file protein-v7.txt (compact mmCIF, C-alpha atoms)
# COMPACT_ATOMS: atom_id res chain seq x y z
CA MET G 1 -16.34 -80.23 3.10
CA LEU G 2 -19.60 -78.36 2.59
CA THR G 3 -18.83 -76.13 5.55
CA MET G 4 -15.43 -75.36 4.03
CA ASN G 5 -16.98 -74.36 0.72
CA ILE G 6 -19.53 -72.12 2.41
CA LEU G 7 -16.80 -70.44 4.43
CA THR G 8 -14.77 -69.89 1.28
CA ILE G 9 -17.76 -68.38 -0.50
CA ILE G 10 -18.45 -66.06 2.44
CA ILE G 11 -14.82 -64.90 2.50
CA LEU G 12 -14.80 -64.27 -1.26
CA LEU G 13 -18.12 -62.42 -1.00
CA ALA G 14 -16.77 -60.24 1.81
CA VAL G 15 -13.62 -59.43 -0.19
CA PHE G 16 -15.74 -58.64 -3.24
CA LEU G 17 -18.04 -56.35 -1.32
CA GLY G 18 -15.12 -54.67 0.44
CA SER G 19 -13.42 -53.86 -2.86
CA SER G 20 -16.52 -53.02 -4.87
CA VAL G 21 -18.75 -51.11 -2.45
CA LYS G 22 -17.56 -47.60 -1.67
CA ILE G 23 -19.15 -44.89 0.46
CA ILE G 24 -18.85 -41.33 -0.83
CA ARG G 25 -19.41 -38.50 1.63
CA GLU G 26 -21.70 -35.55 0.94
CA TYR G 27 -18.78 -33.19 0.22
CA GLU G 28 -17.02 -35.68 -2.07
CA ARG G 29 -17.46 -36.98 -5.60
CA ALA G 30 -15.98 -40.09 -7.17
CA VAL G 31 -14.65 -39.90 -10.73
CA VAL G 32 -14.90 -43.51 -12.01
CA PHE G 33 -12.89 -45.00 -14.88
CA ARG G 34 -13.67 -48.41 -16.38
CA LEU G 35 -10.80 -49.89 -18.33
CA GLY G 36 -9.42 -46.36 -18.68
CA ARG G 37 -12.63 -44.86 -20.03
CA LEU G 38 -14.48 -42.21 -18.07
CA LEU G 39 -17.83 -43.22 -16.65
CA GLY G 40 -18.51 -39.88 -14.95
CA PRO G 41 -18.83 -38.56 -11.42
CA LYS G 42 -20.57 -40.69 -8.80
CA GLY G 43 -21.94 -39.96 -5.34
CA PRO G 44 -22.68 -39.05 -2.73
CA GLY G 45 -23.77 -42.26 -1.05
CA ILE G 46 -22.97 -45.88 -1.88
CA ILE G 47 -21.45 -46.77 -5.25
CA ILE G 48 -20.53 -50.21 -6.58
CA LEU G 49 -17.34 -50.79 -8.55
CA ILE G 50 -16.28 -53.85 -10.52
CA PRO G 51 -13.01 -55.07 -9.02
CA GLY G 52 -10.17 -55.11 -11.51
CA LEU G 53 -12.12 -53.06 -14.07
CA ASP G 54 -13.12 -49.85 -12.31
CA LYS G 55 -10.84 -47.27 -10.76
CA MET G 56 -12.09 -44.44 -8.59
CA VAL G 57 -10.56 -41.02 -7.80
CA ARG G 58 -12.02 -39.06 -4.90
CA VAL G 59 -12.42 -35.30 -5.30
CA ASP G 60 -13.11 -33.00 -2.35
CA LEU G 61 -15.63 -30.23 -3.13
CA ARG G 62 -15.00 -28.18 0.00
CA THR G 63 -13.32 -24.78 -0.08
CA VAL G 64 -9.54 -25.03 0.12
CA THR G 65 -7.41 -22.40 1.86
CA LEU G 66 -4.19 -21.97 -0.08
CA ASP G 67 -1.36 -20.09 1.63
CA VAL G 68 0.81 -18.37 -0.98
CA PRO G 69 4.39 -18.07 0.37
CA PRO G 70 6.15 -14.66 0.36
CA GLN G 71 7.18 -13.60 -3.13
CA ASP G 72 10.11 -11.28 -3.93
CA ILE G 73 8.66 -8.44 -6.01
CA ILE G 74 10.16 -5.30 -7.53
CA THR G 75 7.52 -2.62 -7.96
CA ARG G 76 7.32 -0.21 -10.86
CA ASP G 77 9.19 2.45 -8.85
CA ASN G 78 12.05 -0.03 -8.20
CA VAL G 79 11.25 -0.91 -4.58
CA SER G 80 11.99 -4.49 -3.48
CA VAL G 81 9.25 -5.96 -1.28
CA LYS G 82 8.00 -9.37 -0.17
CA VAL G 83 4.29 -10.04 -0.57
CA SER G 84 2.32 -13.03 0.72
CA ALA G 85 -1.34 -13.85 0.15
CA VAL G 86 -4.07 -16.39 0.80
CA VAL G 87 -6.35 -17.88 -1.87
CA TYR G 88 -9.76 -19.54 -1.33
CA PHE G 89 -10.90 -21.91 -4.06
CA ARG G 90 -13.11 -24.98 -4.55
CA VAL G 91 -13.80 -27.60 -7.21
CA LEU G 92 -16.98 -27.09 -9.22
CA ASP G 93 -16.45 -29.76 -11.87
CA PRO G 94 -14.70 -32.88 -10.50
CA VAL G 95 -14.32 -34.41 -13.98
CA LYS G 96 -12.36 -31.44 -15.37
CA SER G 97 -10.23 -31.23 -12.22
CA ILE G 98 -9.04 -34.81 -12.83
CA ILE G 99 -8.92 -35.05 -16.65
CA ASP G 100 -7.79 -31.57 -17.75
CA VAL G 101 -4.97 -31.03 -15.22
CA GLU G 102 -2.56 -33.41 -13.54
CA ASP G 103 -2.73 -31.87 -10.04
CA PHE G 104 -5.21 -29.01 -9.75
CA HIS G 105 -4.05 -28.08 -6.24
CA PHE G 106 -0.39 -27.72 -7.25
CA ALA G 107 -1.32 -25.98 -10.50
CA THR G 108 -3.51 -23.45 -8.69
CA SER G 109 -0.74 -22.79 -6.18
CA GLN G 110 1.87 -22.11 -8.86
CA LEU G 111 -0.53 -19.93 -10.84
CA ALA G 112 -1.35 -17.92 -7.71
CA GLN G 113 2.34 -17.24 -7.08
CA THR G 114 3.07 -16.05 -10.60
CA THR G 115 -0.09 -13.94 -10.74
CA LEU G 116 0.75 -12.32 -7.40
CA ARG G 117 4.21 -11.36 -8.65
CA SER G 118 2.87 -10.07 -11.95
CA VAL G 119 0.04 -7.92 -10.57
CA CYS G 120 2.00 -6.45 -7.66
CA GLY G 121 5.01 -5.72 -9.88
CA GLN G 122 2.90 -3.57 -12.21
CA GLY G 123 2.06 -0.95 -9.56
CA GLU G 124 4.01 1.45 -7.40
CA MET G 125 4.70 0.87 -3.72
CA ASP G 126 2.20 3.52 -2.54
CA ASN G 127 -0.56 1.90 -4.61
CA LEU G 128 0.42 -1.51 -3.25
CA LEU G 129 -0.08 -0.26 0.31
CA SER G 130 -3.21 1.84 -0.21
CA GLU G 131 -5.16 -0.06 -2.88
CA ARG G 132 -5.22 -3.61 -1.53
CA ASP G 133 -8.88 -4.18 -2.36
CA GLU G 134 -8.31 -3.36 -6.02
CA ILE G 135 -5.22 -5.59 -6.17
CA ASN G 136 -7.10 -8.47 -4.49
CA GLU G 137 -9.90 -8.15 -7.02
CA ARG G 138 -7.51 -8.12 -9.98
CA ILE G 139 -5.67 -11.22 -8.78
CA GLN G 140 -8.96 -13.04 -8.08
CA THR G 141 -10.31 -12.21 -11.54
CA ILE G 142 -7.17 -13.46 -13.29
CA LEU G 143 -6.98 -16.66 -11.24
CA ASP G 144 -10.67 -17.43 -11.68
CA LYS G 145 -10.40 -17.01 -15.44
CA ASP G 146 -7.28 -19.18 -15.76
CA THR G 147 -8.52 -21.98 -13.48
CA SER G 148 -12.00 -22.17 -14.96
CA PRO G 149 -10.96 -24.78 -17.61
CA TRP G 150 -9.80 -27.00 -14.73
CA GLY G 151 -13.23 -26.91 -13.04
CA VAL G 152 -11.85 -24.79 -10.20
CA LYS G 153 -13.56 -21.66 -8.85
CA VAL G 154 -11.40 -19.05 -7.09
CA GLY G 155 -13.74 -17.28 -4.70
CA LYS G 156 -11.47 -14.83 -2.90
CA VAL G 157 -7.88 -13.60 -2.76
CA GLU G 158 -6.41 -11.54 0.09
CA VAL G 159 -2.95 -9.98 0.21
CA LYS G 160 -1.85 -11.03 3.69
CA GLU G 161 1.44 -9.23 4.36
CA ILE G 162 3.72 -6.72 2.64
CA ASP G 163 7.27 -6.79 4.03
CA LEU G 164 9.19 -3.58 3.29
CA PRO G 165 12.98 -3.12 3.58
CA GLU G 166 14.23 -1.45 6.76
CA GLU G 167 15.54 1.57 4.83
CA MET G 168 12.13 2.11 3.25
CA ARG G 169 10.43 1.86 6.64
CA ARG G 170 12.70 4.57 8.06
CA ALA G 171 12.07 6.79 5.03
CA MET G 172 8.30 6.35 5.40
CA ALA G 173 8.54 7.15 9.13
CA LYS G 174 10.42 10.37 8.34
CA GLN G 175 7.86 11.26 5.70
CA ALA G 176 4.99 10.70 8.14
CA GLU G 177 6.77 12.77 10.81
CA ALA G 178 7.34 15.61 8.35
CA GLU G 179 3.69 15.46 7.31
CA ARG G 180 2.52 15.68 10.94
CA GLU G 181 4.88 18.63 11.55
CA ARG G 182 3.55 20.39 8.47
CA ARG G 183 -0.02 19.96 9.69
CA SER G 184 0.96 21.24 13.13
CA LYS G 185 2.50 24.39 11.67
CA ILE G 186 -0.56 24.98 9.50
CA ILE G 187 -2.86 24.60 12.51
CA ASN G 188 -0.71 27.00 14.58
CA ALA G 189 -0.64 29.54 11.77
CA GLU G 190 -4.39 29.26 11.35
CA GLY G 191 -4.84 29.84 15.09
CA GLU G 192 -2.59 32.91 15.02
CA PHE G 193 -4.50 34.26 12.06
CA GLN G 194 -7.85 33.82 13.77
CA ALA G 195 -6.49 35.36 17.00
CA SER G 196 -5.18 38.38 15.10
CA GLN G 197 -8.57 38.83 13.48
CA ARG G 198 -10.28 38.77 16.87
CA LEU G 199 -7.73 41.20 18.31
CA ALA G 200 -8.27 43.58 15.39
CA GLU G 201 -12.02 43.44 15.91
CA ALA G 202 -11.59 44.07 19.66
CA ALA G 203 -9.26 47.01 19.01
CA ALA G 204 -11.80 48.50 16.60
CA ILE G 205 -14.55 48.21 19.20
CA ILE G 206 -12.38 49.72 21.97
CA SER G 207 -11.22 52.61 19.76
CA ALA G 208 -14.83 53.40 18.88
CA THR G 209 -15.78 53.56 22.59
CA PRO G 210 -13.15 55.45 24.68
CA GLY G 211 -14.74 54.35 27.95
CA ALA G 212 -14.12 50.69 27.06
CA LEU G 213 -10.35 51.18 27.35
CA GLN G 214 -10.71 52.54 30.90
CA LEU G 215 -12.97 49.62 31.88
CA ARG G 216 -10.47 47.18 30.44
CA TYR G 217 -7.71 48.91 32.39
CA LEU G 218 -9.62 48.57 35.67
CA GLN G 219 -10.43 44.94 34.94
CA THR G 220 -6.75 44.20 34.38
CA LEU G 221 -5.87 45.77 37.73
CA GLN G 222 -8.52 43.65 39.43
CA ASP G 223 -7.11 40.48 37.87
CA ILE G 224 -3.60 41.39 39.01
CA ALA G 225 -4.73 42.16 42.57
CA GLY G 226 -6.54 38.81 42.81
CA GLU G 227 -3.27 36.87 42.33
CA ASN G 228 -1.76 38.12 45.69
CA ASN G 229 1.25 39.57 43.92
CA SER G 230 3.73 41.66 45.88
CA THR G 231 4.56 43.79 42.85
CA ILE G 232 1.88 45.47 40.79
CA LEU G 233 2.56 47.18 37.49
CA PHE G 234 0.27 50.07 36.63
CA PRO G 235 0.07 50.57 32.90
CA VAL G 236 -0.34 54.25 32.09
CA PRO G 237 -2.08 55.05 28.83
CA ILE G 238 -0.30 57.45 26.53
CA ASP G 239 -3.45 59.60 26.43
CA LEU G 240 -2.99 60.45 30.12
CA LEU G 241 0.53 61.76 29.51
CA ARG G 242 -0.32 63.65 26.34
CA PRO G 243 -1.42 66.93 28.12
CA PHE G 244 1.84 67.07 30.10
CA VAL G 245 3.87 66.44 26.96
CA GLU G 246 2.02 69.15 25.05
CA LYS G 247 2.41 71.62 27.98
CA GLY G 248 6.16 70.98 28.16
CA ALA G 249 6.49 71.41 24.43
CA SER G 250 4.58 74.76 24.47
CA SER G 251 6.69 76.11 27.36
CA SER G 252 9.86 75.19 25.55
CA SER G 253 8.73 77.04 22.43
CA LYS G 254 7.92 80.19 24.46
CA GLU G 255 11.34 80.23 26.10
CA SER G 256 12.99 79.95 22.73

call {"tool": "encode", "arguments": {"input": "protein-v7.txt", "output": "structure tokens"}}
result
Amino acid sequence: MLTMNILTIIILLAVFLGSSVKIIREYERAVVFRLGRLLGPKGPGIIILIPGLDKMVRVDLRTVTLDVPPQDIITRDNVSVKVSAVVYFRVLDPVKSIIDVEDFHFATSQLAQTTLRSVCGQGEMDNLLSERDEINERIQTILDKDTSPWGVKVGKVEVKEIDLPEEMRRAMAKQAEAERERRSKIINAEGEFQASQRLAEAAAIISATPGALQLRYLQTLQDIAGENNSTILFPVPIDLLRPFVEKGASSSSKES
């Protein structure tokens, strides 16, 4: 009989310790309620609860990665796009995250979706594509301010993907192609302008030195002969023909 009583006491003691002794990890906190009244956060380490009187809620303090699903957004210039994002947040005050909001994870997720639609819908499509850092900062500031009463800290927000309609993609491709063509024409025109300047300077130098034209003529003949061509064209300067033209004109005037 005594052995039976001891065994019963040991079993009851084991059940009591199993239900009253809890181990809280380093990255966790336990929000304890006794008969519905808040006792405060406990942990990390070993905490002892009174069975039947105390109730514990574990809160994870590690950073949570929240994937915001794609949101249908109409920008200020009436372009329909789908925008997805990722939000990084963590719990700073475990008591507020349990008492002041029913489900802080769900509430943060819904707030992130509405804030993403609101901020992205206020700008134009070009700003949405080129100013992502500014948009990320605006969304992070708004979320951090709104979740602060819940004991939640939003550390970072990143716009992950912007899905454009197929018609808009084709229009942007045409615009980029036209821009590249415009730059190509400008570069070609600039090259022609610089070449014409150099040619004008060379012509001025050659006209100032008559012997330079003859040297250039001989150099051209040498370049042609070096190509093993069967046909060679001899350019004749107009100055060489001018005496014959003037002599023919004078003889014609005498005959008349």

call {"tool": "atom_distance", "arguments": {"input": "protein-v7.txt", "atom1": "atom CA of Lys145 of chain G", "atom2": "atom CA of Phe89 of chain G"}}
result
12.4 Å

call {"tool": "atom_distance", "arguments": {"input": "protein-v7.txt", "atom1": "atom CA of Val87 of chain G", "atom2": "atom CA of Thr108 of chain G"}}
result
9.3 Å

call {"tool": "residues_near_point", "arguments": {"input": "protein-v7.txt", "point": "(-7.5, -12.3, -6.6)", "cutoff": "10 Å", "atoms": "all atoms listed in the file", "output": "list of chain:residue names"}}
result
G:Ala85, G:Val86, G:Val87, G:Tyr88, G:Ala112, G:Thr115, G:Leu116, G:Val119, G:Asp133, G:Glu134, G:Ile135, G:Asn136, G:Glu137, G:Arg138, G:Ile139, G:Gln140, G:Thr141, G:Ile142, G:Leu143, G:Asp144, G:Val154, G:Gly155, G:Lys156, G:Val157, G:Glu158, G:Val159

call {"tool": "residues_around", "arguments": {"input": "protein-v7.txt", "residues": "segment 168-172 of chain G", "least_positions_apart": "4", "cutoff": "10 Å", "atoms": "all atoms listed in the file", "output": "number ranges by chain"}}
result
G: 79-81, 163-164, 176-178

call {"tool": "write_last_selection", "arguments": {"input": "protein-v7.txt", "atoms": "C-alpha atoms", "output": "PDB file, in the frame of the given file"}}
result
ATOM      1  CA  VAL G  79      11.250  -0.910  -4.580  1.00  0.00           C
ATOM      2  CA  SER G  80      11.990  -4.490  -3.480  1.00  0.00           C
ATOM      3  CA  VAL G  81       9.250  -5.960  -1.280  1.00  0.00           C
ATOM      4  CA  ASP G 163       7.270  -6.790   4.030  1.00  0.00           C
ATOM      5  CA  LEU G 164       9.190  -3.580   3.290  1.00  0.00           C
ATOM      6  CA  ALA G 176       4.990  10.700   8.140  1.00  0.00           C
ATOM      7  CA  GLU G 177       6.770  12.770  10.810  1.00  0.00           C
ATOM      8  CA  ALA G 178       7.340  15.610   8.350  1.00  0.00           C
TER       9      ALA G 178
END

call {"tool": "residues_near_point", "arguments": {"input": "protein-v7.txt", "point": "(-15.5, -36.4, -0.6)", "cutoff": "8 Å", "atoms": "all atoms listed in the file", "output": "PyMOL selection string"}}
result
chain G and resi 24-30+44+58-61

call {"tool": "decode", "arguments": {"input": "protein-v7.txt", "residues": "segment 132-145 of chain G", "atoms": "all heavy atoms", "output": "mmCIF file, in the first residue's frame"}}
result
data_model
loop_
_atom_site.group_PDB
_atom_site.id
_atom_site.type_symbol
_atom_site.label_atom_id
_atom_site.label_comp_id
_atom_site.auth_asym_id
_atom_site.auth_seq_id
_atom_site.Cartn_x
_atom_site.Cartn_y
_atom_site.Cartn_z
ATOM 1 N N ARG G 132 12.516 52.887 -57.338
ATOM 2 C CA ARG G 132 12.125 51.828 -56.410
ATOM 3 C C ARG G 132 12.623 52.088 -54.999
ATOM 4 O O ARG G 132 11.939 51.781 -54.025
ATOM 5 C CB ARG G 132 12.662 50.483 -56.905
ATOM 6 C CG ARG G 132 11.930 49.913 -58.107
ATOM 7 C CD ARG G 132 12.234 48.437 -58.272
ATOM 8 N NE ARG G 132 11.553 47.868 -59.411
ATOM 9 C CZ ARG G 132 11.525 46.560 -59.691
ATOM 10 N NH1 ARG G 132 12.184 45.730 -58.895
ATOM 11 N NH2 ARG G 132 10.886 46.101 -60.737
ATOM 12 N N ASP G 133 13.813 52.638 -54.870
ATOM 13 C CA ASP G 133 14.354 52.884 -53.527
ATOM 14 C C ASP G 133 13.476 53.863 -52.756
ATOM 15 O O ASP G 133 13.211 53.671 -51.564
ATOM 16 C CB ASP G 133 15.781 53.435 -53.637
ATOM 17 C CG ASP G 133 16.756 52.398 -54.180
ATOM 18 O OD1 ASP G 133 16.444 51.198 -54.079
ATOM 19 O OD2 ASP G 133 17.811 52.792 -54.703
ATOM 20 N N GLU G 134 13.034 54.905 -53.435
ATOM 21 C CA GLU G 134 12.165 55.885 -52.767
ATOM 22 C C GLU G 134 10.828 55.256 -52.394
ATOM 23 O O GLU G 134 10.289 55.500 -51.302
ATOM 24 C CB GLU G 134 11.949 57.076 -53.692
ATOM 25 C CG GLU G 134 11.089 58.174 -53.080
ATOM 26 C CD GLU G 134 10.908 59.351 -54.008
ATOM 27 O OE1 GLU G 134 11.574 59.380 -55.072
ATOM 28 O OE2 GLU G 134 10.091 60.243 -53.683
ATOM 29 N N ILE G 135 10.263 54.439 -53.278
ATOM 30 C CA ILE G 135 8.986 53.778 -52.981
ATOM 31 C C ILE G 135 9.148 52.800 -51.824
ATOM 32 O O ILE G 135 8.292 52.729 -50.928
ATOM 33 C CB ILE G 135 8.471 53.062 -54.242
ATOM 34 C CG1 ILE G 135 8.105 54.093 -55.312
ATOM 35 C CG2 ILE G 135 7.264 52.192 -53.918
ATOM 36 C CD1 ILE G 135 7.687 53.476 -56.631
ATOM 37 N N ASN G 136 10.246 52.040 -51.809
ATOM 38 C CA ASN G 136 10.501 51.113 -50.692
ATOM 39 C C ASN G 136 10.581 51.856 -49.365
ATOM 40 O O ASN G 136 10.034 51.403 -48.346
ATOM 41 C CB ASN G 136 11.795 50.356 -50.943
ATOM 42 C CG ASN G 136 11.709 49.431 -52.149
ATOM 43 O OD1 ASN G 136 10.619 49.016 -52.545
ATOM 44 N ND2 ASN G 136 12.842 49.116 -52.723
ATOM 45 N N GLU G 137 11.254 52.997 -49.380
ATOM 46 C CA GLU G 137 11.400 53.766 -48.141
ATOM 47 C C GLU G 137 10.069 54.323 -47.664
ATOM 48 O O GLU G 137 9.779 54.330 -46.459
ATOM 49 C CB GLU G 137 12.402 54.897 -48.379
ATOM 50 C CG GLU G 137 12.722 55.698 -47.127
ATOM 51 C CD GLU G 137 13.773 56.761 -47.373
ATOM 52 O OE1 GLU G 137 14.317 56.807 -48.502
ATOM 53 O OE2 GLU G 137 14.041 57.543 -46.447
ATOM 54 N N ARG G 138 9.238 54.793 -48.599
ATOM 55 C CA ARG G 138 7.930 55.322 -48.218
ATOM 56 C C ARG G 138 7.045 54.240 -47.618
ATOM 57 O O ARG G 138 6.379 54.451 -46.591
ATOM 58 C CB ARG G 138 7.251 55.938 -49.443
ATOM 59 C CG ARG G 138 7.863 57.250 -49.908
ATOM 60 C CD ARG G 138 7.190 57.742 -51.172
ATOM 61 N NE ARG G 138 5.762 57.911 -50.973
ATOM 62 C CZ ARG G 138 4.895 58.133 -51.959
ATOM 63 N NH1 ARG G 138 5.324 58.170 -53.217
ATOM 64 N NH2 ARG G 138 3.620 58.290 -51.703
ATOM 65 N N ILE G 139 7.026 53.068 -48.245
ATOM 66 C CA ILE G 139 6.205 51.970 -47.721
ATOM 67 C C ILE G 139 6.710 51.535 -46.344
ATOM 68 O O ILE G 139 5.920 51.286 -45.425
ATOM 69 C CB ILE G 139 6.216 50.786 -48.708
ATOM 70 C CG1 ILE G 139 5.578 51.191 -50.036
ATOM 71 C CG2 ILE G 139 5.472 49.599 -48.117
ATOM 72 C CD1 ILE G 139 5.649 50.113 -51.098
ATOM 73 N N GLN G 140 8.031 51.444 -46.186
ATOM 74 C CA GLN G 140 8.602 51.034 -44.894
ATOM 75 C C GLN G 140 8.269 52.032 -43.798
ATOM 76 O O GLN G 140 7.941 51.652 -42.660
ATOM 77 C CB GLN G 140 10.119 50.875 -45.045
ATOM 78 C CG GLN G 140 10.817 50.298 -43.825
ATOM 79 C CD GLN G 140 11.309 51.362 -42.868
ATOM 80 O OE1 GLN G 140 11.571 52.487 -43.293
ATOM 81 N NE2 GLN G 140 11.436 51.010 -41.593
ATOM 82 N N THR G 141 8.325 53.323 -44.115
ATOM 83 C CA THR G 141 8.015 54.354 -43.115
ATOM 84 C C THR G 141 6.560 54.269 -42.670
ATOM 85 O O THR G 141 6.248 54.350 -41.475
ATOM 86 C CB THR G 141 8.318 55.745 -43.691
ATOM 87 O OG1 THR G 141 9.702 55.805 -44.077
ATOM 88 C CG2 THR G 141 8.034 56.819 -42.663
ATOM 89 N N ILE G 142 5.656 54.095 -43.633
ATOM 90 C CA ILE G 142 4.226 54.019 -43.294
ATOM 91 C C ILE G 142 3.925 52.765 -42.474
ATOM 92 O O ILE G 142 3.215 52.824 -41.454
ATOM 93 C CB ILE G 142 3.387 54.053 -44.586
ATOM 94 C CG1 ILE G 142 3.561 55.394 -45.299
ATOM 95 C CG2 ILE G 142 1.914 53.815 -44.266
ATOM 96 C CD1 ILE G 142 2.877 55.458 -46.652
ATOM 97 N N LEU G 143 4.473 51.628 -42.894
ATOM 98 C CA LEU G 143 4.219 50.387 -42.159
ATOM 99 C C LEU G 143 4.797 50.443 -40.752
ATOM 100 O O LEU G 143 4.160 49.989 -39.786
ATOM 101 C CB LEU G 143 4.816 49.207 -42.921
ATOM 102 C CG LEU G 143 4.079 48.736 -44.178
ATOM 103 C CD1 LEU G 143 4.824 47.590 -44.829
ATOM 104 C CD2 LEU G 143 2.656 48.313 -43.835
ATOM 105 N N ASP G 144 5.998 50.981 -40.614
ATOM 106 C CA ASP G 144 6.625 51.051 -39.299
ATOM 107 C C ASP G 144 5.826 51.935 -38.348
ATOM 108 O O ASP G 144 5.689 51.632 -37.159
ATOM 109 C CB ASP G 144 8.057 51.571 -39.449
ATOM 110 C CG ASP G 144 8.843 51.467 -38.158
ATOM 111 O OD1 ASP G 144 8.602 50.518 -37.391
ATOM 112 O OD2 ASP G 144 9.685 52.341 -37.907
ATOM 113 N N LYS G 145 5.288 53.026 -38.881
ATOM 114 C CA LYS G 145 4.492 53.923 -38.042
ATOM 115 C C LYS G 145 3.172 53.283 -37.621
ATOM 116 O O LYS G 145 2.743 53.408 -36.463
ATOM 117 C CB LYS G 145 4.217 55.221 -38.814
ATOM 118 C CG LYS G 145 3.398 56.231 -38.041
ATOM 119 C CD LYS G 145 3.172 57.494 -38.870
ATOM 120 C CE LYS G 145 2.306 58.496 -38.104
ATOM 121 N NZ LYS G 145 2.063 59.726 -38.920
#
